[in-house]
$ cat query-v9.pdb   # PDB, C-alpha atoms
ATOM      1  CA  MET A   1       9.947  55.978  31.954  1.00  0.00           C
ATOM      2  CA  ALA A   2      11.378  56.729  35.375  1.00  0.00           C
ATOM      3  CA  GLY A   3      11.883  53.529  37.308  1.00  0.00           C
ATOM      4  CA  ALA A   4      11.006  51.322  34.322  1.00  0.00           C
ATOM      5  CA  CYS A   5      14.374  49.584  34.256  1.00  0.00           C
ATOM      6  CA  GLY A   6      16.243  47.968  37.072  1.00  0.00           C
ATOM      7  CA  ALA A   7      19.976  47.540  37.301  1.00  0.00           C
ATOM      8  CA  ILE A   8      20.459  45.373  34.215  1.00  0.00           C
ATOM      9  CA  GLY A   9      19.347  46.518  30.789  1.00  0.00           C
ATOM     10  CA  THR A  10      20.266  47.475  27.265  1.00  0.00           C
ATOM     11  CA  LEU A  11      19.376  50.257  24.841  1.00  0.00           C
ATOM     12  CA  ALA A  12      18.340  49.517  21.232  1.00  0.00           C
ATOM     13  CA  ILE A  13      18.789  52.478  18.920  1.00  0.00           C
ATOM     14  CA  GLN A  14      19.029  51.169  15.378  1.00  0.00           C
ATOM     15  CA  PRO A  15      15.862  49.836  13.715  1.00  0.00           C
ATOM     16  CA  GLN A  16      15.336  46.082  13.880  1.00  0.00           C
ATOM     17  CA  THR A  17      17.833  45.533  16.712  1.00  0.00           C
ATOM     18  CA  GLY A  18      15.393  45.203  19.620  1.00  0.00           C
ATOM     19  CA  ASP A  19      14.971  41.437  19.401  1.00  0.00           C
ATOM     20  CA  ASP A  20      18.728  40.874  19.036  1.00  0.00           C
ATOM     21  CA  CYS A  21      19.429  43.139  22.021  1.00  0.00           C
ATOM     22  CA  GLN A  22      17.321  40.935  24.287  1.00  0.00           C
ATOM     23  CA  ARG A  23      20.012  38.242  23.996  1.00  0.00           C
ATOM     24  CA  VAL A  24      22.378  40.309  26.146  1.00  0.00           C
ATOM     25  CA  VAL A  25      19.792  41.186  28.818  1.00  0.00           C
ATOM     26  CA  ARG A  26      19.497  38.915  31.837  1.00  0.00           C
ATOM     27  CA  ASP A  27      16.173  37.205  32.501  1.00  0.00           C
ATOM     28  CA  GLY A  28      13.818  39.770  34.030  1.00  0.00           C
ATOM     29  CA  GLY A  29      16.051  42.666  32.915  1.00  0.00           C
ATOM     30  CA  CYS A  30      15.055  45.669  30.836  1.00  0.00           C
ATOM     31  CA  LEU A  31      15.308  46.745  27.201  1.00  0.00           C
ATOM     32  CA  VAL A  32      14.861  50.423  26.307  1.00  0.00           C
ATOM     33  CA  THR A  33      14.276  51.045  22.618  1.00  0.00           C
ATOM     34  CA  VAL A  34      14.193  54.353  20.768  1.00  0.00           C
ATOM     35  CA  SER A  35      14.161  52.703  17.346  1.00  0.00           C
ATOM     36  CA  GLY A  36      10.379  52.608  16.963  1.00  0.00           C
ATOM     37  CA  ASP A  37      10.381  48.816  16.591  1.00  0.00           C
ATOM     38  CA  GLN A  38       7.624  46.720  18.111  1.00  0.00           C
ATOM     39  CA  VAL A  39       9.519  44.327  20.407  1.00  0.00           C
ATOM     40  CA  THR A  40       7.899  41.245  21.924  1.00  0.00           C
ATOM     41  CA  PRO A  41       9.320  40.672  25.425  1.00  0.00           C
ATOM     42  CA  GLN A  42      11.111  37.372  26.039  1.00  0.00           C
ATOM     43  CA  ARG A  43      12.264  35.752  29.320  1.00  0.00           C
ATOM     44  CA  GLN A  44      10.299  38.229  31.504  1.00  0.00           C
ATOM     45  CA  ILE A  45      12.308  41.146  30.061  1.00  0.00           C
ATOM     46  CA  LYS A  46      10.582  44.508  30.479  1.00  0.00           C
ATOM     47  CA  VAL A  47      10.501  46.445  27.201  1.00  0.00           C
ATOM     48  CA  GLN A  48      10.243  50.229  27.455  1.00  0.00           C
ATOM     49  CA  GLN A  49       9.594  52.175  24.247  1.00  0.00           C
ATOM     50  CA  VAL A  50      10.824  55.781  24.177  1.00  0.00           C
ATOM     51  CA  PHE A  51       9.282  57.834  21.401  1.00  0.00           C
ATOM     52  CA  VAL A  52      11.437  60.608  20.007  1.00  0.00           C
ATOM     53  CA  GLY A  53       9.903  64.022  20.549  1.00  0.00           C
ATOM     54  CA  PRO A  54      10.367  67.180  22.600  1.00  0.00           C
ATOM     55  CA  GLU A  55       9.508  65.415  25.885  1.00  0.00           C
ATOM     56  CA  VAL A  56      12.172  62.759  25.329  1.00  0.00           C
ATOM     57  CA  ASP A  57      14.997  64.950  26.639  1.00  0.00           C
ATOM     58  CA  ALA A  58      14.059  64.288  30.264  1.00  0.00           C
ATOM     59  CA  ALA A  59      13.637  60.553  29.657  1.00  0.00           C
ATOM     60  CA  LEU A  60      17.040  60.258  27.965  1.00  0.00           C
ATOM     61  CA  ALA A  61      18.603  62.367  30.710  1.00  0.00           C
ATOM     62  CA  GLY A  62      17.256  59.798  33.174  1.00  0.00           C
ATOM     63  CA  VAL A  63      18.829  56.975  31.177  1.00  0.00           C
ATOM     64  CA  ALA A  64      22.121  58.897  31.044  1.00  0.00           C
ATOM     65  CA  LYS A  65      22.073  59.303  34.842  1.00  0.00           C
ATOM     66  CA  LYS A  66      21.544  55.547  35.266  1.00  0.00           C
ATOM     67  CA  VAL A  67      24.460  54.846  32.924  1.00  0.00           C
ATOM     68  CA  ALA A  68      26.678  57.304  34.818  1.00  0.00           C
ATOM     69  CA  ALA A  69      25.672  55.727  38.153  1.00  0.00           C
ATOM     70  CA  GLY A  70      26.431  52.247  36.854  1.00  0.00           C
ATOM     71  CA  ALA A  71      22.802  51.108  37.084  1.00  0.00           C
ATOM     72  CA  ILE A  72      22.814  50.459  33.326  1.00  0.00           C
ATOM     73  CA  ARG A  73      25.957  49.033  31.773  1.00  0.00           C
ATOM     74  CA  VAL A  74      26.802  50.098  28.226  1.00  0.00           C
ATOM     75  CA  GLU A  75      28.592  47.374  26.284  1.00  0.00           C
ATOM     76  CA  LEU A  76      31.238  48.809  23.946  1.00  0.00           C
ATOM     77  CA  GLU A  77      32.252  46.966  20.791  1.00  0.00           C
ATOM     78  CA  GLN A  78      35.087  49.340  19.960  1.00  0.00           C
ATOM     79  CA  VAL A  79      36.146  52.982  20.238  1.00  0.00           C
ATOM     80  CA  TYR A  80      37.393  54.388  16.930  1.00  0.00           C
ATOM     81  CA  PRO A  81      39.442  57.566  16.559  1.00  0.00           C
ATOM     82  CA  PHE A  82      37.729  60.222  14.440  1.00  0.00           C
ATOM     83  CA  GLU A  83      40.117  59.490  11.583  1.00  0.00           C
ATOM     84  CA  ARG A  84      38.578  55.991  11.328  1.00  0.00           C
ATOM     85  CA  ALA A  85      34.941  57.143  11.432  1.00  0.00           C
ATOM     86  CA  VAL A  86      34.162  55.586   8.041  1.00  0.00           C
ATOM     87  CA  GLU A  87      35.392  52.217   9.326  1.00  0.00           C
ATOM     88  CA  ALA A  88      33.157  52.620  12.405  1.00  0.00           C
ATOM     89  CA  LEU A  89      30.151  53.379  10.206  1.00  0.00           C
ATOM     90  CA  GLU A  90      30.884  50.333   8.084  1.00  0.00           C
ATOM     91  CA  LYS A  91      30.948  48.199  11.254  1.00  0.00           C
ATOM     92  CA  THR A  92      27.502  49.443  12.299  1.00  0.00           C
ATOM     93  CA  GLU A  93      26.132  48.701   8.848  1.00  0.00           C
ATOM     94  CA  THR A  94      27.060  45.015   9.231  1.00  0.00           C
ATOM     95  CA  ARG A  95      24.712  44.805  12.288  1.00  0.00           C
ATOM     96  CA  HIS A  96      27.245  42.416  13.830  1.00  0.00           C
ATOM     97  CA  ALA A  97      28.536  44.727  16.554  1.00  0.00           C
ATOM     98  CA  ARG A  98      28.159  43.157  20.021  1.00  0.00           C
ATOM     99  CA  GLY A  99      28.029  46.538  21.704  1.00  0.00           C
ATOM    100  CA  LYS A 100      28.085  50.226  20.919  1.00  0.00           C
ATOM    101  CA  VAL A 101      30.475  51.568  18.316  1.00  0.00           C
ATOM    102  CA  VAL A 102      31.939  54.880  19.520  1.00  0.00           C
ATOM    103  CA  ILE A 103      33.822  57.562  17.606  1.00  0.00           C
ATOM    104  CA  SER A 104      36.249  59.520  19.764  1.00  0.00           C
ATOM    105  CA  LEU A 105      36.840  63.190  18.959  1.00  0.00           C
TER     106      LEU A 105
END

$ encode --input "query-v9.pdb" --output "structure tokens"
Amino acid sequence: MAGACGAIGTLAIQPQTGDDCQRVVRDGGCLVTVSGDQVTPQRQIKVQQVFVGPEVDAALAGVAKKVAAGAIRVELEQVYPFERAVEALEKTETRHARGKVVISL
């Protein structure tokens, strides 16, 4: 996976979100999916599938480094305090979040 994505990309985690996630990736950008979905690339977007297993730690660490360096931008829908975790879960279940839903501890 190293070097698979350039500076602009998105990460699809929940099943059946890969195609929707491509809408927020620039033409020629990159989509990394860990959901297991089969995603058909659109608009010259590179799709990188990461399969969950013991070897995935290094791959996800690489993604985390790119996020920390600003090479991959993480779009946040909303940050919920822990006390509102149920509300955050309900938001993810609607599949209408336009970014990541985060619960702050």

$ closest_atom_pairs --input "query-v9.pdb" --of "segment 77-105 of chain A" --to "segment 19-42 of chain A" --cutoff "10 Å" --atoms "all atoms listed in the file" --output "Markdown table"
| residue | atom | partner | partner_atom | distance |
| --- | --- | --- | --- | --- |
| A:Arg95 | CA | A:Asp20 | CA | 9.8 |
| A:Arg98 | CA | A:Val24 | CA | 8.9 |
| A:Gly99 | CA | A:Cys21 | CA | 9.3 |

$ resolve_selection --input "query-v9.pdb" --expression "the PyMOL selection byres ((chain A and resi 79) around 6)" --output "list in words"
Gln78, Tyr80, Val102 and Ile103 of chain A

$ atom_distance --input "query-v9.pdb" --atom1 "atom CA of Arg73 of chain A" --atom2 "atom CA of Lys100 of chain A"
11.1 Å

$ atom_distance --input "query-v9.pdb" --atom1 "atom CA of Val101 of chain A" --atom2 "atom CA of Leu76 of chain A"
6.3 Å

$ closest_residue --input "query-v9.pdb" --among "A:Gly18, A:Leu105, A:Leu60, A:Thr94" --to "Phe82 of chain A" --atoms "only C-alpha atoms"
A:Leu105

$ atom_distance --input "query-v9.pdb" --atom1 "atom CA of Ala58 of chain A" --atom2 "atom CA of Leu89 of chain A"
27.9 Å
